[in-house]
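Asker: Take a look at structure03.txt, compact mmCIF, C-alpha atoms and all ligand atoms:
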# COMPACT_ATOMS: atom_id res chain seq x y z
CA MET W 800 -8.59 8.75 10.91
CA ARG W 801 -9.40 5.25 12.21
CA LEU W 802 -11.42 2.68 10.33
CA SER W 803 -14.27 2.99 12.85
CA ASP W 804 -14.46 6.74 12.19
CA ALA W 805 -14.67 6.08 8.46
CA CYS W 806 -17.52 3.62 9.13
CA ALA W 807 -19.37 6.14 11.21
CA GLN W 808 -19.25 8.58 8.32
CA GLY W 809 -21.03 6.07 6.07
CA THR W 810 -18.28 6.10 3.44
CA GLN W 811 -19.54 4.98 0.04
CA ARG W 812 -16.60 4.94 -2.36
CA ILE W 813 -13.55 3.46 -0.73
CA GLY W 814 -10.07 2.96 -2.10
CA VAL W 815 -7.85 0.35 -0.49
CA LEU W 816 -4.08 0.57 -0.88
CA GLY W 817 -2.56 -2.66 0.36
CA GLY W 818 1.15 -3.18 0.77
CA THR W 819 4.01 -3.82 3.10
CA PHE W 820 4.70 -0.11 3.69
CA ASP W 821 8.21 -0.84 4.91
CA PRO W 822 8.47 2.13 4.84
CA ILE W 823 5.55 4.16 3.47
CA HIS W 824 6.88 6.75 1.00
CA ILE W 825 5.90 9.60 -1.31
CA GLY W 826 5.14 7.14 -4.15
CA HIS W 827 2.34 5.57 -2.07
CA LEU W 828 0.92 8.96 -1.08
CA VAL W 829 0.94 10.35 -4.61
CA VAL W 830 -0.87 7.29 -5.96
CA ALA W 831 -3.41 7.45 -3.12
CA ASP W 832 -4.05 11.13 -3.68
CA ASN W 833 -4.56 10.70 -7.42
CA ALA W 834 -6.86 7.72 -6.89
CA LEU W 835 -8.89 9.73 -4.40
CA GLN W 836 -9.38 12.55 -6.88
CA GLN W 837 -9.77 10.65 -10.14
CA LEU W 838 -12.18 8.04 -8.77
CA ALA W 839 -14.05 10.55 -6.58
CA LEU W 840 -13.41 8.41 -3.53
CA ASP W 841 -14.46 9.37 -0.03
CA THR W 842 -11.62 7.58 1.69
CA ILE W 843 -8.40 5.74 0.99
CA LEU W 844 -7.58 3.00 3.47
CA PHE W 845 -3.90 2.22 3.82
CA ALA W 846 -3.93 -1.45 4.74
CA PRO W 847 -0.52 -2.76 5.78
CA ALA W 848 -0.04 -6.49 5.26
CA GLY W 849 0.81 -8.72 8.17
CA GLN W 850 2.89 -11.37 6.47
CA PRO W 851 2.89 -10.76 2.72
CA PRO W 852 2.82 -14.17 0.99
CA HIS W 853 5.01 -12.88 -1.85
CA LYS W 854 7.74 -11.48 0.43
CA PRO W 855 8.59 -14.45 2.67
CA ASP W 856 12.32 -14.17 2.07
CA ARG W 857 13.16 -11.01 4.00
CA ALA W 858 12.57 -9.77 7.51
CA ILE W 859 9.76 -7.24 7.53
CA SER W 860 9.83 -4.42 10.08
CA SER W 861 7.51 -4.86 13.04
CA ALA W 862 3.81 -4.18 12.72
CA THR W 863 4.20 -1.46 15.34
CA ASP W 864 6.80 0.42 13.29
CA ARG W 865 4.97 0.07 9.98
CA LYS W 866 1.69 1.17 11.54
CA ALA W 867 3.37 4.12 13.23
CA MET W 868 4.99 5.28 9.99
CA ILE W 869 1.65 5.14 8.16
CA GLU W 870 -0.03 7.06 10.96
CA ILE W 871 2.63 9.77 10.77
CA ALA W 872 2.43 9.95 6.96
CA ILE W 873 -1.34 10.37 6.79
CA ALA W 874 -1.75 12.64 9.82
CA GLY W 875 -3.76 15.74 9.01
CA ARG W 876 -5.38 14.24 5.92
CA PRO W 877 -8.93 13.26 6.91
CA GLU W 878 -9.56 11.36 3.66
CA PHE W 879 -6.71 8.97 4.44
CA ALA W 880 -7.13 6.27 7.08
CA ARG W 881 -5.19 3.24 8.22
CA SER W 882 -6.89 -0.14 8.31
CA ASP W 883 -5.39 -2.72 10.65
CA ILE W 884 -7.73 -5.46 9.45
CA ASP W 885 -4.90 -7.34 7.77
CA ILE W 886 -1.88 -6.54 9.90
CA ASP W 887 -3.58 -7.52 13.18
CA ARG W 888 -4.40 -11.02 11.92
CA GLU W 889 -2.23 -14.09 12.36
CA GLY W 890 -0.94 -15.95 9.31
CA PRO W 891 -0.36 -14.99 5.69
CA SER W 892 -2.13 -11.96 4.25
CA PHE W 893 -4.27 -12.43 1.19
CA THR W 894 -5.83 -9.46 -0.54
CA VAL W 895 -9.05 -11.36 -1.18
CA ASP W 896 -9.54 -11.87 2.58
CA LEU W 897 -8.70 -8.24 3.32
CA LEU W 898 -11.24 -7.01 0.77
CA ARG W 899 -13.90 -9.41 2.01
CA ARG W 900 -13.53 -8.04 5.53
CA ILE W 901 -13.59 -4.43 4.35
CA ASP W 902 -16.62 -5.20 2.21
CA GLU W 903 -18.44 -6.70 5.21
CA THR W 904 -17.53 -3.72 7.37
CA PHE W 905 -18.56 -1.01 4.90
CA SER W 906 -21.30 -2.74 2.89
CA PRO W 907 -22.82 -1.51 0.54
CA ALA W 908 -19.76 0.61 -0.37
CA ALA W 909 -18.05 0.49 -3.79
CA LEU W 910 -14.49 -0.74 -3.27
CA PHE W 911 -11.45 0.06 -5.40
CA PHE W 912 -8.22 -1.82 -4.80
CA VAL W 913 -5.42 0.57 -5.68
CA MET W 914 -2.04 -0.75 -6.82
CA GLY W 915 1.06 -0.04 -8.84
CA ALA W 916 1.60 -1.62 -12.26
CA ASP W 917 4.19 -4.01 -10.80
CA SER W 918 1.50 -5.51 -8.58
CA LEU W 919 -0.92 -5.75 -11.50
CA ARG W 920 1.66 -7.77 -13.42
CA ASP W 921 1.59 -10.40 -10.63
CA PHE W 922 -2.16 -10.19 -10.08
CA SER W 923 -2.96 -13.52 -11.79
CA THR W 924 -0.70 -15.33 -9.30
CA TRP W 925 -2.52 -13.94 -6.25
CA SER W 926 -4.98 -16.00 -4.27
CA ARG W 927 -8.41 -16.01 -6.01
CA PRO W 928 -7.96 -13.00 -8.30
CA GLU W 929 -11.39 -13.55 -9.85
CA SER W 930 -13.00 -13.25 -6.41
CA ILE W 931 -11.06 -10.03 -5.85
CA LEU W 932 -12.60 -8.64 -9.05
CA GLN W 933 -16.07 -9.50 -7.79
CA ILE W 934 -15.53 -7.56 -4.59
CA ALA W 935 -13.57 -4.57 -5.89
CA ARG W 936 -12.63 -2.69 -8.97
CA ILE W 937 -8.91 -2.24 -9.60
CA ALA W 938 -7.16 1.13 -9.94
CA VAL W 939 -3.64 0.98 -11.31
CA ALA W 940 -0.87 3.57 -11.33
CA ARG W 941 1.98 3.31 -13.78
CA ARG W 942 5.33 2.42 -12.30
CA PRO W 943 8.77 2.54 -13.96
CA GLY W 944 9.73 -0.82 -15.43
CA ALA W 945 6.25 -2.33 -15.17
CA ILE W 946 4.45 -2.46 -18.48
CA ILE W 947 0.69 -2.93 -18.65
CA ASP W 948 0.16 -4.82 -21.92
CA ASP W 949 -2.49 -7.11 -23.42
CA HIS W 950 -0.86 -10.11 -21.79
CA VAL W 951 -1.36 -8.56 -18.34
CA MET W 952 -4.86 -7.33 -19.17
CA SER W 953 -6.00 -10.79 -20.27
CA SER W 954 -4.24 -12.64 -17.45
CA VAL W 955 -7.43 -12.82 -15.37
CA PRO W 956 -10.94 -13.06 -16.89
CA GLY W 957 -12.88 -9.84 -16.31
CA LEU W 958 -9.82 -7.80 -15.32
CA ALA W 959 -9.95 -5.40 -18.27
CA GLU W 960 -13.59 -4.50 -17.54
CA ARG W 961 -12.91 -3.81 -13.86
CA LEU W 962 -9.70 -1.83 -14.32
CA HIS W 963 -9.13 1.93 -14.08
CA LEU W 964 -5.81 3.34 -15.21
CA LEU W 965 -4.83 6.26 -12.99
CA ASP W 966 -3.12 9.30 -14.46
CA SER W 967 -0.53 9.65 -11.72
CA PRO W 968 2.99 11.10 -11.96
CA LEU W 969 5.63 8.42 -12.44
CA SER W 970 7.73 7.82 -9.36
CA HIS W 971 10.88 5.75 -9.11
CA ILE W 972 10.63 5.63 -5.32
CA SER W 973 10.35 2.16 -3.77
CA SER W 974 10.62 0.90 -0.20
CA THR W 975 13.34 -1.52 -1.32
CA ASP W 976 15.46 1.36 -2.57
CA LEU W 977 14.82 3.41 0.57
CA ARG W 978 15.91 0.53 2.81
CA ALA W 979 19.04 0.01 0.73
CA ARG W 980 19.88 3.70 0.85
CA VAL W 981 19.61 3.79 4.64
CA ARG W 982 21.76 0.66 4.88
CA ARG W 983 24.42 2.37 2.76
CA GLY W 984 24.21 5.55 4.83
CA GLN W 985 22.68 7.61 1.98
CA THR W 986 20.07 10.27 2.53
CA ILE W 987 16.38 9.49 2.00
CA ARG W 988 15.15 12.95 2.95
CA TYR W 989 12.25 14.23 0.75
CA LEU W 990 11.53 10.71 -0.55
CA LEU W 991 9.10 10.23 2.34
CA PRO W 992 7.33 12.56 4.76
CA GLN W 993 9.69 14.32 7.16
CA GLY W 994 8.03 12.70 10.18
CA VAL W 995 8.57 9.22 8.75
CA HIS W 996 12.18 10.13 7.99
CA ASP W 997 12.67 11.19 11.61
CA TYR W 998 10.97 8.02 12.91
CA ILE W 999 13.32 5.81 10.86
CA ASP W 1000 16.25 7.78 12.21
CA ALA W 1001 15.14 7.60 15.82
CA LYS W 1002 14.40 3.86 15.66
CA TYR W 1003 17.53 2.95 13.66
CA LEU W 1004 15.33 1.18 11.13
CA TYR W 1005 17.02 -0.37 8.08
CA ARG W 1006 20.55 0.33 9.37
CA ALA W 1007 23.20 -2.33 8.88
CA GLU W 1008 23.82 -2.20 12.63
CA ARG W 1009 22.70 -0.21 15.63
CA PRO W 1010 25.26 2.18 17.10
CA ALA W 1011 27.02 0.77 20.17
CA PRO W 1012 25.67 2.17 23.46
CA THR W 1013 27.89 4.90 24.89
P1 LIG Y 1101 9.01 -2.90 -1.86
O1 LIG Y 1101 10.06 -2.16 -2.62
O2 LIG Y 1101 9.39 -3.31 -0.46
O3 LIG Y 1101 8.43 -4.06 -2.66
P2 LIG Y 1101 7.03 -0.92 -2.56
O4 LIG Y 1101 7.73 0.39 -2.66
O5 LIG Y 1101 6.65 -1.61 -3.84
O6 LIG Y 1101 7.80 -1.91 -1.59
P3 LIG Y 1101 4.60 -1.71 -1.23
O7 LIG Y 1101 4.25 -1.35 0.17
O8 LIG Y 1101 4.96 -3.10 -1.50
O9 LIG Y 1101 5.78 -0.67 -1.66
O10 LIG Y 1101 3.52 -1.20 -2.23
C1 LIG Y 1101 2.15 -1.05 -1.97
C2 LIG Y 1101 1.46 -0.70 -3.28
O11 LIG Y 1101 1.93 0.59 -3.72
C3 LIG Y 1101 1.79 -1.69 -4.41
O12 LIG Y 1101 0.62 -1.89 -5.18
C4 LIG Y 1101 2.83 -0.95 -5.23
O13 LIG Y 1101 2.80 -1.33 -6.59
C5 LIG Y 1101 2.41 0.49 -5.05
N1 LIG Y 1101 3.53 1.42 -5.18
C6 LIG Y 1101 4.58 1.54 -4.34
N2 LIG Y 1101 5.43 2.48 -4.77
C7 LIG Y 1101 4.92 2.96 -5.93
C8 LIG Y 1101 5.35 3.95 -6.88
N3 LIG Y 1101 6.49 4.62 -6.73
N4 LIG Y 1101 4.57 4.18 -7.96
C9 LIG Y 1101 3.40 3.48 -8.13
N5 LIG Y 1101 2.95 2.53 -7.28
C10 LIG Y 1101 3.69 2.27 -6.19
Would you kindly transcribe this structure into structure tokens?
Ligand code: ATP
Answerer:
Amino acid sequence: MRLSDACAQGTQRIGVLGGTFDPIHIGHLVVADNALQQLALDTILFAPAGQPPHKPDRAISSATDRKAMIEIAIAGRPEFARSDIDIDREGPSFTVDLLRRIDETFSPAALFFVMGADSLRDFSTWSRPESILQIARIAVARRPGAIIDDHVMSSVPGLAERLHLLDSPLSHISSTDLRARVRRGQTIRYLLPQGVHDYIDAKYLYRAERPAPT
């Protein structure tokens, strides 16, 4: 479903899952599904980042490929939509700007920014985290190796009051690991939707080198 369709339906409780999605995987989908249910959301927007400010050191797959993989992954799930608000903009992507735009588009909806615990740990270093908390509540899923302790909870004023802890199955899957596995020639089947797996295969994404033309 497109963002405009979601608007037309007058969505009131909206979850936003921001990320690089390079590639989207089962971990993202499980978190989104649990957020949808536990927070009684109408929609989850998967919002791929254009140029993530915290990942400047590696080449990100093209916007076209990352958008296509999201589209394939969420096909047939009307509650899931892709938002291109961030990825279609020039320049670095800041969550606060993304949320502001979504807020303007859907106002007066209640927004929930959904993230993994690793992202929450870095939250205080993001651009204007206190403004983010004014626009959206935060929903966090546990993630292996990322502890949510008092230090994290008190890292931004008001965070603890605006935070929902999701009860979502722990998943070790990460895009970094998937890319590395493809590079090494290891299987990634069942770690992401079959269609996304086939897309990566067909486009030679994440391979060390493309096969020579025959
Ligand atoms: P990378 O390994 O490239 O950093 P990633 O797997 O963390 O990617 P992102 O697209 O950066 O994926 O993540 C988007 C959001 O989804 C982040 O908030 C991240 O914490 C969360 N997320 C990703 N994978 C998981 C997972 N397995 N469990 C819980 N949260 C996850």
Asker: Can you build me a table of chain W residues sitting at most 6 Å from ligand LIG 1101 (chain Y), with the closest atom pair per residue and its distance in Å to one decimal, using all atoms listed in the file, sorted by chain and residue number, as CSV?
Answerer:
residue,atom,partner,partner_atom,distance
W:Gly817,CA,Y:LIG1101,C1,5.5
W:Gly818,CA,Y:LIG1101,C1,3.6
W:Thr819,CA,Y:LIG1101,O7,3.8
W:Phe820,CA,Y:LIG1101,O7,3.8
W:Gly826,CA,Y:LIG1101,N3,3.9
W:His827,CA,Y:LIG1101,N2,5.1
W:Met914,CA,Y:LIG1101,O12,3.3
W:Gly915,CA,Y:LIG1101,O13,3.1
W:Ala916,CA,Y:LIG1101,O13,5.8
W:Asp917,CA,Y:LIG1101,O13,5.2
W:Ser918,CA,Y:LIG1101,O13,4.8
W:Ala940,CA,Y:LIG1101,C9,5.3
W:Arg941,CA,Y:LIG1101,C9,5.8
W:Arg942,CA,Y:LIG1101,C9,4.7
W:Ser970,CA,Y:LIG1101,N3,4.3
W:His971,CA,Y:LIG1101,N3,5.1
W:Ile972,CA,Y:LIG1101,N3,4.5
W:Ser973,CA,Y:LIG1101,O4,3.4
W:Ser974,CA,Y:LIG1101,O4,3.8
W:Thr975,CA,Y:LIG1101,O1,3.6
Asker: Can those selected residues be exported to a file as a compact mmCIF listing (two decimals), in the frame of the given file so that it contains C-alpha atoms?
Answerer:
# COMPACT_ATOMS: atom_id res chain seq x y z
CA GLY W 817 -2.56 -2.66 0.36
CA GLY W 818 1.15 -3.18 0.77
CA THR W 819 4.01 -3.82 3.10
CA PHE W 820 4.70 -0.11 3.69
CA GLY W 826 5.14 7.14 -4.15
CA HIS W 827 2.34 5.57 -2.07
CA MET W 914 -2.04 -0.75 -6.82
CA GLY W 915 1.06 -0.04 -8.84
CA ALA W 916 1.60 -1.62 -12.26
CA ASP W 917 4.19 -4.01 -10.80
CA SER W 918 1.50 -5.51 -8.58
CA ALA W 940 -0.87 3.57 -11.33
CA ARG W 941 1.98 3.31 -13.78
CA ARG W 942 5.33 2.42 -12.30
CA SER W 970 7.73 7.82 -9.36
CA HIS W 971 10.88 5.75 -9.11
CA ILE W 972 10.63 5.63 -5.32
CA SER W 973 10.35 2.16 -3.77
CA SER W 974 10.62 0.90 -0.20
CA THR W 975 13.34 -1.52 -1.32
Asker: Measuring atom to atom with only C-alpha atoms, identify which of W:Leu919, W:Val939, W:Ala831, W:Ile884 is nearest to Ala848 of chain W.
Answerer: W:Ile884
Asker: Quick one: pull the distance between atom CA of Phe922 of chain W and atom CA of Tyr1005 of chain W, Å, one decimal.
Answerer: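 Calculated distance between atom CA of Phe922 of chain W and atom CA of Tyr1005 of chain W is 28.2 Å.
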Asker: Which of these, W:Thr842, W:Asn833, W:Ser882, W:Ser892, has the shortest distance to Leu910 of chain W once you count all atoms listed in the file?
Answerer: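 Using all atoms listed in the file, the shortest distance to Leu910 of chain W belongs to W:Thr842.
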Asker: Scan for residues within 6 Å of the point (8.6, 2.8, 6.1) in the coordinates of the file, using only C-alpha atoms, and reply as a PyMOL selection string.
Answerer: chain W and resi 820-823+865+868
Asker: What is the atom CA of Ser923 of chain W-atom CA of Gly957 of chain W distance in Å, reported with one decimal?
Answerer: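 Value for the atom CA of Ser923 of chain W-atom CA of Gly957 of chain W distance: 11.5 Å.
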Asker: One decimal, Å: what's the distance from atom CA of Leu962 of chain W over to atom CA of Arg936 of chain W, could you say?
Answerer: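 Computing the Euclidean distance for atom CA of Leu962 of chain W and atom CA of Arg936 of chain W yields 6.2 Å.
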Asker: Leaving out Arg900 of chain W and any residue of its chain fewer than 6 positions from it, which residues lie within 12 Å of it when counting all atoms listed in the file, given as a PDB file with C-alpha atoms, in the frame of the given file?
Answerer:
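This went into around-v9.pdb:
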ATOM      1  CA  LEU W 802     -11.420   2.680  10.330  1.00  0.00           C
ATOM      2  CA  VAL W 815      -7.850   0.350  -0.490  1.00  0.00           C
ATOM      3  CA  ALA W 846      -3.930  -1.450   4.740  1.00  0.00           C
ATOM      4  CA  SER W 882      -6.890  -0.140   8.310  1.00  0.00           C
ATOM      5  CA  ASP W 883      -5.390  -2.720  10.650  1.00  0.00           C
ATOM      6  CA  ILE W 884      -7.730  -5.460   9.450  1.00  0.00           C
ATOM      7  CA  ASP W 885      -4.900  -7.340   7.770  1.00  0.00           C
ATOM      8  CA  ARG W 888      -4.400 -11.020  11.920  1.00  0.00           C
ATOM      9  CA  PHE W 893      -4.270 -12.430   1.190  1.00  0.00           C
ATOM     10  CA  THR W 894      -5.830  -9.460  -0.540  1.00  0.00           C
ATOM     11  CA  SER W 906     -21.300  -2.740   2.890  1.00  0.00           C
ATOM     12  CA  LEU W 910     -14.490  -0.740  -3.270  1.00  0.00           C
ATOM     13  CA  ILE W 931     -11.060 -10.030  -5.850  1.00  0.00           C
ATOM     14  CA  ILE W 934     -15.530  -7.560  -4.590  1.00  0.00           C
ATOM     15  CA  ALA W 935     -13.570  -4.570  -5.890  1.00  0.00           C
TER      16      ALA W 935
END
Asker: Taking (-14.3, 7.5, 0.9) as a centre in this file's frame and 7 Å as the limit, can you find every polymer residue with an atom that close, using only C-alpha atoms, and give them as JSON, numbers by chain?
Answerer: {"W": [810, 811, 812, 813, 814, 840, 841, 842, 843, 878]}
Asker: Restricting the calculation to all atoms listed in the file: of W:Leu964, W:Val951, W:Ile873, W:Leu838, which residue gets closest to Ile825 of chain W?
Answerer: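 Among the listed residues, W:Ile873 lies closest to Ile825 of chain W.
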Asker: Which one is closest to Asp832 of chain W: W:Leu932, W:Leu844, W:Ala858, W:Leu1004? Count all atoms listed in the file.
Answerer: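 Of W:Leu932, W:Leu844, W:Ala858, W:Leu1004, the one nearest Asp832 of chain W, counting all atoms listed in the file, is W:Leu844.
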Asker: Taking all atoms listed in the file into account, which of W:Gln985, W:Asp1000, W:Ala945, W:Gly994 comes nearest Ile869 of chain W?
Answerer: W:Gly994
Asker: From the set W:Val830, W:Ile901, W:Ala839, W:Ala874, which residue has the shortest atom-to-atom contact distance to Pro992 of chain W, counting all atoms listed in the file?
Answerer: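 Comparing W:Val830, W:Ile901, W:Ala839, W:Ala874 against Pro992 of chain W, the winner is W:Ala874.
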Asker: Which residues are near Arg982 of chain W? Cut-off 6 Å, only C-alpha atoms, ignore same chain within fewer than 2 positions. Put them as a ChimeraX atom specification.
Answerer: /W:979-980,984,1005-1007
Asker: Do you know which residues are at most 8 Å from Ile987 of chain W counting all atoms listed in the file, after dropping those on the same chain fewer than 3 positions away, and could you put them as an MDAnalysis selection string?
Answerer: chainID W and resid 977 980:981 990:991 996
Asker: Export C-alpha atoms of the chosen residues as an mmCIF file, in the frame of the given file?
Answerer:
data_model
loop_
_atom_site.group_PDB
_atom_site.id
_atom_site.type_symbol
_atom_site.label_atom_id
_atom_site.label_comp_id
_atom_site.auth_asym_id
_atom_site.auth_seq_id
_atom_site.Cartn_x
_atom_site.Cartn_y
_atom_site.Cartn_z
ATOM 1 C CA LEU W 977 14.820 3.410 0.570
ATOM 2 C CA ARG W 980 19.880 3.700 0.850
ATOM 3 C CA VAL W 981 19.610 3.790 4.640
ATOM 4 C CA LEU W 990 11.530 10.710 -0.550
ATOM 5 C CA LEU W 991 9.100 10.230 2.340
ATOM 6 C CA HIS W 996 12.180 10.130 7.990
#
Asker: Return as AutoDock Vina command-line options the centre and edge lengths, in Å with one decimal, of the box along x, y and z that encloses every atom of segment 932-945 of chain W in the file, padded by 6 Å per side.
Answerer:
--center_x -3.2 --center_y -3.0 --center_z -10.0 --size_x 37.8 --size_y 25.1 --size_z 22.8
